[in-house]
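Asker: File name coords_15.tsv; file contents TSV, C-alpha atoms and all ligand atoms; full text below.
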chain	number	residue	atom	x	y	z
O	90	MET	CA	6.24	-3.07	-6.06
O	91	ARG	CA	5.72	-4.99	-2.86
O	92	GLU	CA	3.14	-4.08	-0.26
O	93	ASN	CA	4.03	-2.11	2.87
O	94	ILE	CA	6.50	0.19	1.11
O	95	GLU	CA	5.93	3.73	2.30
O	96	ILE	CA	6.96	6.92	0.52
O	97	ARG	CA	7.35	9.96	2.77
O	98	LYS	CA	9.43	13.12	3.19
O	99	GLU	CA	12.88	12.63	4.69
O	100	VAL	CA	13.46	13.38	8.35
O	101	GLU	CA	16.77	14.08	10.05
O	102	ALA	CA	17.11	10.48	11.20
O	103	ASP	CA	17.21	9.41	7.51
O	104	HIS	CA	20.26	11.50	6.54
O	105	ALA	CA	22.91	8.85	7.22
O	106	SER	CA	20.88	6.10	5.50
O	107	ILE	CA	20.39	8.33	2.45
O	108	ARG	CA	24.17	8.81	2.16
O	109	THR	CA	24.85	5.08	2.41
O	110	LEU	CA	22.07	4.21	-0.03
O	111	THR	CA	23.15	6.80	-2.60
O	112	GLU	CA	26.78	5.70	-2.43
O	113	ALA	CA	25.78	2.06	-2.90
O	114	ALA	CA	23.38	2.75	-5.79
O	115	PHE	CA	25.88	4.81	-7.82
O	116	GLU	CA	28.98	2.75	-7.03
O	117	GLY	CA	30.65	1.51	-10.20
O	118	ARG	CA	28.15	3.19	-12.55
O	119	PRO	CA	30.09	4.57	-15.52
O	120	TYR	CA	28.09	7.82	-15.48
O	121	ALA	CA	28.51	8.41	-11.72
O	122	ASP	CA	30.63	11.30	-10.47
O	123	GLY	CA	31.09	9.60	-7.12
O	124	ASP	CA	29.85	12.61	-5.20
O	125	GLU	CA	26.09	12.08	-5.56
O	126	GLN	CA	25.69	11.60	-1.79
O	127	ASP	CA	27.61	14.85	-1.20
O	128	VAL	CA	25.33	16.75	-3.59
O	129	ILE	CA	22.32	15.88	-1.43
O	130	ASP	CA	24.15	17.03	1.72
O	131	ARG	CA	25.20	20.28	0.04
O	132	LEU	CA	21.65	20.99	-1.16
O	133	ARG	CA	20.38	20.38	2.36
O	134	ARG	CA	23.04	22.64	3.86
O	135	ASN	CA	22.30	25.44	1.37
O	136	ASN	CA	18.53	25.22	1.88
O	137	THR	CA	18.05	24.29	-1.78
O	138	LEU	CA	16.78	20.78	-1.13
O	139	THR	CA	13.25	21.49	-2.32
O	140	LEU	CA	12.00	17.96	-1.71
O	141	SER	CA	13.60	14.72	-0.55
O	142	LEU	CA	11.37	11.66	-0.46
O	143	VAL	CA	12.38	8.29	0.91
O	144	ALA	CA	10.90	4.86	0.23
O	145	THR	CA	10.95	2.74	3.36
O	146	GLN	CA	10.01	-0.77	4.27
O	147	GLU	CA	9.83	-1.72	7.92
O	148	GLN	CA	11.58	1.58	8.77
O	149	VAL	CA	14.53	0.78	6.49
O	150	VAL	CA	15.32	3.35	3.79
O	151	ILE	CA	15.45	1.50	0.45
O	152	GLY	CA	15.07	4.41	-1.98
O	153	GLN	CA	15.38	8.18	-2.17
O	154	ILE	CA	14.68	10.99	-4.64
O	155	THR	CA	15.90	14.58	-4.64
O	156	PHE	CA	14.41	17.74	-6.14
O	157	SER	CA	16.08	21.16	-6.20
O	158	PRO	CA	15.39	24.51	-7.87
O	159	ALA	CA	16.39	24.84	-11.54
O	160	ILE	CA	17.09	28.30	-12.91
O	161	VAL	CA	16.03	29.53	-16.34
O	162	GLY	CA	15.32	33.00	-17.69
O	163	ASP	CA	14.68	35.58	-14.98
O	164	ALA	CA	15.03	32.90	-12.27
O	165	SER	CA	11.72	33.74	-10.63
O	166	SER	CA	9.67	30.84	-12.03
O	167	PRO	CA	9.25	27.50	-10.29
O	168	TRP	CA	11.26	24.99	-12.34
O	169	PHE	CA	12.84	22.02	-10.59
O	170	ALA	CA	15.61	19.50	-11.15
O	171	LEU	CA	15.18	15.80	-10.37
O	172	GLY	CA	18.10	13.84	-9.00
O	173	PRO	CA	19.92	12.07	-7.60
O	174	VAL	CA	17.45	9.18	-7.36
O	175	SER	CA	18.58	5.89	-5.87
O	176	VAL	CA	17.25	2.48	-5.01
O	177	LEU	CA	19.21	-0.04	-2.95
O	178	PRO	CA	20.99	-2.33	-5.47
O	179	SER	CA	19.33	-5.46	-4.04
O	180	ARG	CA	15.90	-3.85	-4.49
O	181	GLN	CA	16.19	-2.40	-8.00
O	182	GLY	CA	13.74	-3.44	-10.70
O	183	GLU	CA	10.75	-3.73	-8.34
O	184	GLY	CA	9.13	-0.43	-9.29
O	185	ILE	CA	10.43	1.53	-6.29
O	186	GLY	CA	12.30	4.05	-8.46
O	187	SER	CA	9.20	4.58	-10.61
O	188	ALA	CA	7.04	5.11	-7.52
O	189	LEU	CA	9.48	7.69	-6.14
O	190	ILE	CA	9.61	9.55	-9.47
O	191	GLU	CA	5.82	9.57	-9.92
O	192	THR	CA	5.17	10.63	-6.32
O	193	GLY	CA	7.86	13.32	-6.55
O	194	LEU	CA	6.51	14.72	-9.81
O	195	ALA	CA	3.00	14.82	-8.34
O	196	SER	CA	4.34	16.70	-5.28
O	197	ILE	CA	6.17	19.37	-7.27
O	198	THR	CA	3.13	19.74	-9.54
O	199	ASN	CA	1.09	20.51	-6.40
O	200	MET	CA	3.74	23.07	-5.47
O	201	GLY	CA	3.07	24.89	-8.76
O	202	ALA	CA	6.06	23.62	-10.73
O	203	LEU	CA	6.14	24.60	-14.40
O	204	GLY	CA	8.35	21.64	-15.20
O	205	CYS	CA	11.22	19.40	-14.24
O	206	ILE	CA	14.66	18.85	-15.73
O	207	LEU	CA	17.29	16.14	-15.31
O	208	THR	CA	20.41	14.67	-16.82
O	209	GLY	CA	19.99	10.91	-17.21
O	210	ASP	CA	19.32	7.97	-19.48
O	211	PRO	CA	16.54	8.92	-21.94
O	212	ASN	CA	15.52	5.24	-22.22
O	213	TYR	CA	14.56	5.23	-18.57
O	214	TYR	CA	13.01	8.70	-18.13
O	215	ARG	CA	10.97	8.66	-21.33
O	216	ARG	CA	8.30	6.54	-19.59
O	217	PHE	CA	7.67	9.40	-17.13
O	218	GLY	CA	7.15	11.94	-19.91
O	219	PHE	CA	10.67	13.41	-20.03
O	220	ARG	CA	11.92	14.42	-23.48
O	221	LEU	CA	15.30	15.49	-24.77
O	222	SER	CA	15.51	19.26	-24.94
O	223	PRO	CA	18.97	20.18	-26.26
O	224	GLY	CA	18.04	23.84	-26.70
O	225	ASN	CA	17.50	24.15	-22.94
O	226	SER	CA	20.55	22.13	-21.90
O	227	PRO	CA	22.97	23.86	-19.49
O	228	GLU	CA	26.31	24.76	-21.10
O	229	ASN	CA	28.15	22.30	-18.85
O	230	GLU	CA	25.84	19.27	-19.28
O	231	PRO	CA	25.75	16.71	-22.12
O	232	GLU	CA	22.73	17.71	-24.23
O	233	GLU	CA	22.15	14.10	-25.38
O	234	TYR	CA	21.19	13.30	-21.77
O	235	PHE	CA	19.46	16.52	-20.82
O	236	GLN	CA	15.68	16.10	-20.51
O	237	LEU	CA	12.66	18.20	-19.68
O	238	LYS	CA	9.11	17.41	-18.62
O	239	LEU	CA	6.61	20.25	-18.81
O	240	LEU	CA	4.05	20.32	-15.98
O	241	GLY	CA	2.12	23.41	-17.09
O	242	ASP	CA	1.52	25.17	-20.38
O	243	GLN	CA	4.62	27.37	-20.32
O	244	ARG	CA	7.81	26.54	-22.18
O	245	PRO	CA	11.18	27.55	-20.73
O	246	MET	CA	13.09	30.25	-22.61
O	247	GLY	CA	16.81	29.58	-22.81
O	248	LYS	CA	19.28	27.39	-21.06
O	249	PHE	CA	18.81	25.99	-17.57
O	250	VAL	CA	21.29	26.11	-14.71
O	251	PHE	CA	21.36	23.41	-12.03
O	252	ASP	CA	21.94	24.44	-8.42
O	253	ARG	CA	25.62	25.11	-7.69
O	254	ALA	CA	25.60	22.28	-5.13
O	255	PHE	CA	25.87	19.90	-8.12
O	256	TYR	CA	29.28	21.25	-9.03
O	257	GLU	CA	30.89	22.96	-6.08
O	258	ASP	CA	31.73	22.03	-2.58
O	259	VAL	CA	29.70	24.89	-1.17
R	1	LIG	C1	17.60	4.26	-11.70
R	1	LIG	C2	16.94	3.64	-10.47
R	1	LIG	C3	16.65	4.71	-9.43
R	1	LIG	C4	15.63	3.00	-10.92
R	1	LIG	O1	14.99	2.44	-9.80
R	1	LIG	P1	14.31	1.00	-9.89
R	1	LIG	O2	13.50	0.80	-8.68
R	1	LIG	O3	15.36	-0.01	-10.19
R	1	LIG	O4	13.41	1.19	-11.19
R	1	LIG	P2	11.99	0.55	-11.50
R	1	LIG	O5	11.90	-0.81	-10.89
R	1	LIG	O6	10.93	1.52	-11.18
R	1	LIG	O7	12.08	0.44	-13.06
R	1	LIG	C5	12.86	-0.60	-13.56
R	1	LIG	C6	12.96	-0.38	-15.03
R	1	LIG	O8	13.90	0.65	-15.26
R	1	LIG	C7	14.92	0.19	-16.08
R	1	LIG	N1	16.11	0.92	-15.73
R	1	LIG	C8	16.64	1.11	-14.51
R	1	LIG	N2	17.75	1.89	-14.62
R	1	LIG	C9	17.86	2.20	-15.93
R	1	LIG	C10	18.79	2.95	-16.69
R	1	LIG	N3	19.83	3.58	-16.13
R	1	LIG	N4	18.60	3.04	-18.03
R	1	LIG	C11	17.56	2.44	-18.62
R	1	LIG	N5	16.66	1.71	-17.95
R	1	LIG	C12	16.82	1.59	-16.64
R	1	LIG	C13	14.98	-1.28	-15.82
R	1	LIG	O9	15.58	-1.96	-16.90
R	1	LIG	C14	13.49	-1.60	-15.74
R	1	LIG	O10	12.91	-1.62	-17.03
R	1	LIG	P3	11.52	-2.37	-17.33
R	1	LIG	O11	10.46	-1.72	-16.49
R	1	LIG	O12	11.32	-2.13	-18.79
R	1	LIG	O13	11.78	-3.78	-16.96
R	1	LIG	C15	17.82	2.54	-9.83
R	1	LIG	O14	18.06	1.55	-10.79
R	1	LIG	C16	19.15	3.03	-9.28
R	1	LIG	O15	19.25	3.37	-8.11
R	1	LIG	N6	20.19	3.07	-10.12
R	1	LIG	C17	21.51	3.51	-9.68
R	1	LIG	C18	21.54	4.99	-9.46
R	1	LIG	C19	21.11	5.74	-10.72
R	1	LIG	O16	21.54	5.43	-11.81
R	1	LIG	N7	20.24	6.75	-10.55
R	1	LIG	C20	19.71	7.51	-11.64
R	1	LIG	C21	20.74	8.42	-12.19
R	1	LIG	S1	20.15	9.35	-13.55
What does this structure look like when you write it as structure tokens?
Ligand SMILES: CC(C)(COP(=O)(O)OP(=O)(O)OC[C@H]1O[C@@H](n2cnc3c(N)ncnc32)[C@H](O)[C@@H]1OP(=O)(O)O)[C@@H](O)C(=O)NCCC(=O)NCCS

Answerer:
Amino acid sequence: MRENIEIRKEVEADHASIRTLTEAAFEGRPYADGDEQDVIDRLRRNNTLTLSLVATQEQVVIGQITFSPAIVGDASSPWFALGPVSVLPSRQGEGIGSALIETGLASITNMGALGCILTGDPNYYRRFGFRLSPGNSPENEPEEYFQLKLLGDQRPMGKFVFDRAFYEDV
């Protein structure tokens, strides 16, 4: 990753850039729903955007990562979902995505997270310690892409639920 790339929490002035970036990153991807940018807006609106980090270079947003609460069991424990995560197409493959994921995981660990879930390509997320966990996969997600990374010594009991902002225009 090049020098002078900063990773920081989003501020209001980043919202429009995050939309544009997310749309561009997911455009044409076979696994994209096409509403990834809307999911981030909905999480923000519903106060379930636990953490949004941006990668910037010379004040330009070139990457972003989203974390939201993930529900399992009695819903009182701090589990989180990672995603969407995006890097500007012209800047992919430079380590920016990895830096956002590692910084984000460190942040939620500091917040007391027991673990993190996501739906994504296992070949990519394996390097960050995510493992397939079909027994914990939400009913409405493909279990061959559902992954979990434990951040403490507790294991989740049962199936997770992602925030409703992932599915509904709420
Ligand atoms: C996924 C994404 C955030 C990764 O960011 P990045 O800055 O390009 O990633 P890094 O430079 O840190 O890592 C690059 C490595 O990831 C690999 N990689 C990137 N996307 C991958 C994918 N979908 N599946 C498997 N490997 C992937 C690259 O081949 C490269 O591998 P290498 O280190 O062995 O050479 C970025 O490619 C992106 O925005 N993609 C479009 C949106 C998206 O798919 N988001 C994730 C949805 S689950």

Asker: Padding 5 Å on each side, edges along x, y and z: where is the centre of the box around the listed atoms of segment 147-151 of chain O, and how long are its edges in Å to one decimal? Output it as JSON.

Answerer:
{"center_x": 12.6, "center_y": 0.8, "center_z": 4.6, "size_x": 15.6, "size_y": 15.1, "size_z": 18.3}

Asker: Could the residues of chain O that have an atom at most 8 Å from ligand LIG 1 (chain R) be listed as JSON lines, each with its closest atom pair and the distance in Å to one decimal, counting all atoms listed in the file and ordered by chain and ascending residue number?

Answerer:
{"residue": "O:Met90", "atom": "CA", "partner": "R:LIG1", "partner_atom": "O5", "distance": 7.8}
{"residue": "O:Thr111", "atom": "CA", "partner": "R:LIG1", "partner_atom": "C18", "distance": 7.3}
{"residue": "O:Ala114", "atom": "CA", "partner": "R:LIG1", "partner_atom": "C17", "distance": 4.4}
{"residue": "O:Phe115", "atom": "CA", "partner": "R:LIG1", "partner_atom": "C18", "distance": 4.6}
{"residue": "O:Glu116", "atom": "CA", "partner": "R:LIG1", "partner_atom": "C17", "distance": 8.0}
{"residue": "O:Arg118", "atom": "CA", "partner": "R:LIG1", "partner_atom": "O16", "distance": 7.0}
{"residue": "O:Tyr120", "atom": "CA", "partner": "R:LIG1", "partner_atom": "O16", "distance": 7.9}
{"residue": "O:Ala121", "atom": "CA", "partner": "R:LIG1", "partner_atom": "O16", "distance": 7.6}
{"residue": "O:Gly152", "atom": "CA", "partner": "R:LIG1", "partner_atom": "O15", "distance": 7.5}
{"residue": "O:Gly172", "atom": "CA", "partner": "R:LIG1", "partner_atom": "S1", "distance": 6.7}
{"residue": "O:Pro173", "atom": "CA", "partner": "R:LIG1", "partner_atom": "C21", "distance": 5.9}
{"residue": "O:Val174", "atom": "CA", "partner": "R:LIG1", "partner_atom": "N7", "distance": 4.9}
{"residue": "O:Ser175", "atom": "CA", "partner": "R:LIG1", "partner_atom": "O15", "distance": 3.4}
{"residue": "O:Val176", "atom": "CA", "partner": "R:LIG1", "partner_atom": "O15", "distance": 3.8}
{"residue": "O:Leu177", "atom": "CA", "partner": "R:LIG1", "partner_atom": "O15", "distance": 6.2}
{"residue": "O:Pro178", "atom": "CA", "partner": "R:LIG1", "partner_atom": "O15", "distance": 6.5}
{"residue": "O:Arg180", "atom": "CA", "partner": "R:LIG1", "partner_atom": "O2", "distance": 6.7}
{"residue": "O:Gln181", "atom": "CA", "partner": "R:LIG1", "partner_atom": "O3", "distance": 3.3}
{"residue": "O:Gly182", "atom": "CA", "partner": "R:LIG1", "partner_atom": "O5", "distance": 3.2}
{"residue": "O:Glu183", "atom": "CA", "partner": "R:LIG1", "partner_atom": "O5", "distance": 4.0}
{"residue": "O:Gly184", "atom": "CA", "partner": "R:LIG1", "partner_atom": "O5", "distance": 3.2}
{"residue": "O:Ile185", "atom": "CA", "partner": "R:LIG1", "partner_atom": "O2", "distance": 4.0}
{"residue": "O:Gly186", "atom": "CA", "partner": "R:LIG1", "partner_atom": "O1", "distance": 3.4}
{"residue": "O:Ser187", "atom": "CA", "partner": "R:LIG1", "partner_atom": "O6", "distance": 3.6}
{"residue": "O:Ala188", "atom": "CA", "partner": "R:LIG1", "partner_atom": "O6", "distance": 6.4}
{"residue": "O:Leu207", "atom": "CA", "partner": "R:LIG1", "partner_atom": "S1", "distance": 7.6}
{"residue": "O:Thr208", "atom": "CA", "partner": "R:LIG1", "partner_atom": "S1", "distance": 6.3}
{"residue": "O:Gly209", "atom": "CA", "partner": "R:LIG1", "partner_atom": "S1", "distance": 4.0}
{"residue": "O:Asp210", "atom": "CA", "partner": "R:LIG1", "partner_atom": "N4", "distance": 5.2}
{"residue": "O:Pro211", "atom": "CA", "partner": "R:LIG1", "partner_atom": "C11", "distance": 7.4}
{"residue": "O:Asn212", "atom": "CA", "partner": "R:LIG1", "partner_atom": "C11", "distance": 5.0}
{"residue": "O:Tyr213", "atom": "CA", "partner": "R:LIG1", "partner_atom": "C11", "distance": 4.1}
{"residue": "O:Tyr214", "atom": "CA", "partner": "R:LIG1", "partner_atom": "C11", "distance": 7.8}

Asker: Atom CA of Leu237 of chain O and atom CA of Gly204 of chain O, how far apart in Å?

Answerer: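 So the two atoms, atom CA of Gly204 of chain O and atom CA of Leu237 of chain O, lie 7.1 Å apart.
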
Asker: In Å, with one decimal, what is the gap from atom CA of Glu230 of chain O to atom CA of Asp163 of chain O?

Answerer: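 Those two atoms sit 20.2 Å apart.
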
Asker: Pick from O:Val161, O:Ile129, O:Leu110, O:Ala102: nearest to Gln148 of chain O, with only C-alpha atoms counted?

Answerer: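 Ranking O:Val161, O:Ile129, O:Leu110, O:Ala102 by distance to Gln148 of chain O, first place goes to O:Ala102.
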
Asker: O:Gly224, O:Gly193, O:Gln146, O:Leu132: which is nearest Pro158 of chain O, counting all atoms listed in the file?

Answerer: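 Among the listed residues, O:Leu132 lies closest to Pro158 of chain O.
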
Asker: In Å, rounded to a single decimal, give me how far atom CA of Thr155 of chain O is from atom CA of Glu233 of chain O.

Answerer: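 Between atom CA of Glu233 of chain O and atom CA of Thr155 of chain O the gap works out to 21.7 Å.
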
Asker: Write out as a ChimeraX atom specification each polymer residue whose atoms come within 8 Å of Val128 of chain O, counting only C-alpha atoms; drop sequence neighbours fewer than 4 positions from it.

Answerer: /O:124,132,254-255

Asker: Rebuild segment 115-145 of chain O so that it carries N, CA and C atoms, then output the result as a PDB file, in the coordinates of the input.

Answerer:
ATOM      1  N   PHE O 115      25.084   4.242  -6.714  1.00  0.00           N
ATOM      2  CA  PHE O 115      25.880   4.810  -7.820  1.00  0.00           C
ATOM      3  C   PHE O 115      27.246   4.150  -7.965  1.00  0.00           C
ATOM      4  N   GLU O 116      27.636   3.334  -6.998  1.00  0.00           N
ATOM      5  CA  GLU O 116      28.980   2.750  -7.030  1.00  0.00           C
ATOM      6  C   GLU O 116      29.204   1.942  -8.313  1.00  0.00           C
ATOM      7  N   GLY O 117      30.284   2.266  -8.999  1.00  0.00           N
ATOM      8  CA  GLY O 117      30.650   1.510 -10.200  1.00  0.00           C
ATOM      9  C   GLY O 117      29.866   1.867 -11.448  1.00  0.00           C
ATOM     10  N   ARG O 118      28.902   2.779 -11.348  1.00  0.00           N
ATOM     11  CA  ARG O 118      28.150   3.190 -12.550  1.00  0.00           C
ATOM     12  C   ARG O 118      29.047   4.085 -13.398  1.00  0.00           C
ATOM     13  N   PRO O 119      29.148   3.804 -14.692  1.00  0.00           N
ATOM     14  CA  PRO O 119      30.090   4.570 -15.520  1.00  0.00           C
ATOM     15  C   PRO O 119      29.768   6.067 -15.575  1.00  0.00           C
ATOM     16  N   TYR O 120      28.498   6.406 -15.382  1.00  0.00           N
ATOM     17  CA  TYR O 120      28.090   7.820 -15.480  1.00  0.00           C
ATOM     18  C   TYR O 120      28.149   8.534 -14.128  1.00  0.00           C
ATOM     19  N   ALA O 121      28.526   7.797 -13.054  1.00  0.00           N
ATOM     20  CA  ALA O 121      28.510   8.410 -11.720  1.00  0.00           C
ATOM     21  C   ALA O 121      29.719   9.314 -11.516  1.00  0.00           C
ATOM     22  N   ASP O 122      29.517  10.426 -10.826  1.00  0.00           N
ATOM     23  CA  ASP O 122      30.630  11.300 -10.470  1.00  0.00           C
ATOM     24  C   ASP O 122      31.276  10.852  -9.163  1.00  0.00           C
ATOM     25  N   GLY O 123      30.555  10.068  -8.399  1.00  0.00           N
ATOM     26  CA  GLY O 123      31.090   9.600  -7.120  1.00  0.00           C
ATOM     27  C   GLY O 123      30.778  10.530  -5.968  1.00  0.00           C
ATOM     28  N   ASP O 124      30.151  11.664  -6.279  1.00  0.00           N
ATOM     29  CA  ASP O 124      29.850  12.610  -5.200  1.00  0.00           C
ATOM     30  C   ASP O 124      28.339  12.831  -5.055  1.00  0.00           C
ATOM     31  N   GLU O 125      27.548  11.895  -5.587  1.00  0.00           N
ATOM     32  CA  GLU O 125      26.090  12.080  -5.560  1.00  0.00           C
ATOM     33  C   GLU O 125      25.571  12.251  -4.137  1.00  0.00           C
ATOM     34  N   GLN O 126      26.127  11.479  -3.190  1.00  0.00           N
ATOM     35  CA  GLN O 126      25.690  11.600  -1.790  1.00  0.00           C
ATOM     36  C   GLN O 126      26.059  12.963  -1.216  1.00  0.00           C
ATOM     37  N   ASP O 127      27.186  13.526  -1.686  1.00  0.00           N
ATOM     38  CA  ASP O 127      27.610  14.850  -1.200  1.00  0.00           C
ATOM     39  C   ASP O 127      26.685  15.946  -1.749  1.00  0.00           C
ATOM     40  N   VAL O 128      26.233  15.752  -2.986  1.00  0.00           N
ATOM     41  CA  VAL O 128      25.330  16.750  -3.590  1.00  0.00           C
ATOM     42  C   VAL O 128      24.085  16.914  -2.718  1.00  0.00           C
ATOM     43  N   ILE O 129      23.531  15.798  -2.265  1.00  0.00           N
ATOM     44  CA  ILE O 129      22.320  15.880  -1.430  1.00  0.00           C
ATOM     45  C   ILE O 129      22.620  16.636  -0.130  1.00  0.00           C
ATOM     46  N   ASP O 130      23.761  16.329   0.482  1.00  0.00           N
ATOM     47  CA  ASP O 130      24.150  17.030   1.720  1.00  0.00           C
ATOM     48  C   ASP O 130      24.320  18.526   1.473  1.00  0.00           C
ATOM     49  N   ARG O 131      24.954  18.858   0.333  1.00  0.00           N
ATOM     50  CA  ARG O 131      25.200  20.280   0.040  1.00  0.00           C
ATOM     51  C   ARG O 131      23.882  21.012  -0.203  1.00  0.00           C
ATOM     52  N   LEU O 132      22.965  20.369  -0.929  1.00  0.00           N
ATOM     53  CA  LEU O 132      21.650  20.990  -1.160  1.00  0.00           C
ATOM     54  C   LEU O 132      20.960  21.246   0.178  1.00  0.00           C
ATOM     55  N   ARG O 133      21.039  20.252   1.041  1.00  0.00           N
ATOM     56  CA  ARG O 133      20.380  20.380   2.360  1.00  0.00           C
ATOM     57  C   ARG O 133      20.990  21.536   3.145  1.00  0.00           C
ATOM     58  N   ARG O 134      22.316  21.595   3.115  1.00  0.00           N
ATOM     59  CA  ARG O 134      23.040  22.640   3.860  1.00  0.00           C
ATOM     60  C   ARG O 134      22.709  24.025   3.334  1.00  0.00           C
ATOM     61  N   ASN O 135      22.540  24.126   2.003  1.00  0.00           N
ATOM     62  CA  ASN O 135      22.300  25.440   1.370  1.00  0.00           C
ATOM     63  C   ASN O 135      20.825  25.824   1.340  1.00  0.00           C
ATOM     64  N   ASN O 136      19.980  24.976   1.936  1.00  0.00           N
ATOM     65  CA  ASN O 136      18.530  25.220   1.880  1.00  0.00           C
ATOM     66  C   ASN O 136      17.984  25.218   0.461  1.00  0.00           C
ATOM     67  N   THR O 137      18.582  24.423  -0.423  1.00  0.00           N
ATOM     68  CA  THR O 137      18.050  24.290  -1.780  1.00  0.00           C
ATOM     69  C   THR O 137      17.592  22.851  -2.041  1.00  0.00           C
ATOM     70  N   LEU O 138      17.383  22.115  -0.978  1.00  0.00           N
ATOM     71  CA  LEU O 138      16.780  20.780  -1.130  1.00  0.00           C
ATOM     72  C   LEU O 138      15.271  20.987  -1.069  1.00  0.00           C
ATOM     73  N   THR O 139      14.685  21.173  -2.254  1.00  0.00           N
ATOM     74  CA  THR O 139      13.250  21.490  -2.320  1.00  0.00           C
ATOM     75  C   THR O 139      12.419  20.345  -1.745  1.00  0.00           C
ATOM     76  N   LEU O 140      12.792  19.126  -2.132  1.00  0.00           N
ATOM     77  CA  LEU O 140      12.000  17.960  -1.710  1.00  0.00           C
ATOM     78  C   LEU O 140      12.907  16.738  -1.713  1.00  0.00           C
ATOM     79  N   SER O 141      12.901  16.006  -0.610  1.00  0.00           N
ATOM     80  CA  SER O 141      13.600  14.720  -0.550  1.00  0.00           C
ATOM     81  C   SER O 141      12.619  13.705  -0.016  1.00  0.00           C
ATOM     82  N   LEU O 142      12.296  12.720  -0.861  1.00  0.00           N
ATOM     83  CA  LEU O 142      11.370  11.660  -0.460  1.00  0.00           C
ATOM     84  C   LEU O 142      12.158  10.367  -0.271  1.00  0.00           C
ATOM     85  N   VAL O 143      11.768   9.614   0.732  1.00  0.00           N
ATOM     86  CA  VAL O 143      12.380   8.290   0.910  1.00  0.00           C
ATOM     87  C   VAL O 143      11.304   7.221   0.751  1.00  0.00           C
ATOM     88  N   ALA O 144      11.743   6.069   0.227  1.00  0.00           N
ATOM     89  CA  ALA O 144      10.900   4.860   0.230  1.00  0.00           C
ATOM     90  C   ALA O 144      11.411   3.998   1.362  1.00  0.00           C
ATOM     91  N   THR O 145      10.528   3.579   2.236  1.00  0.00           N
ATOM     92  CA  THR O 145      10.950   2.740   3.360  1.00  0.00           C
ATOM     93  C   THR O 145      10.113   1.465   3.414  1.00  0.00           C
TER      94      THR O 145
END
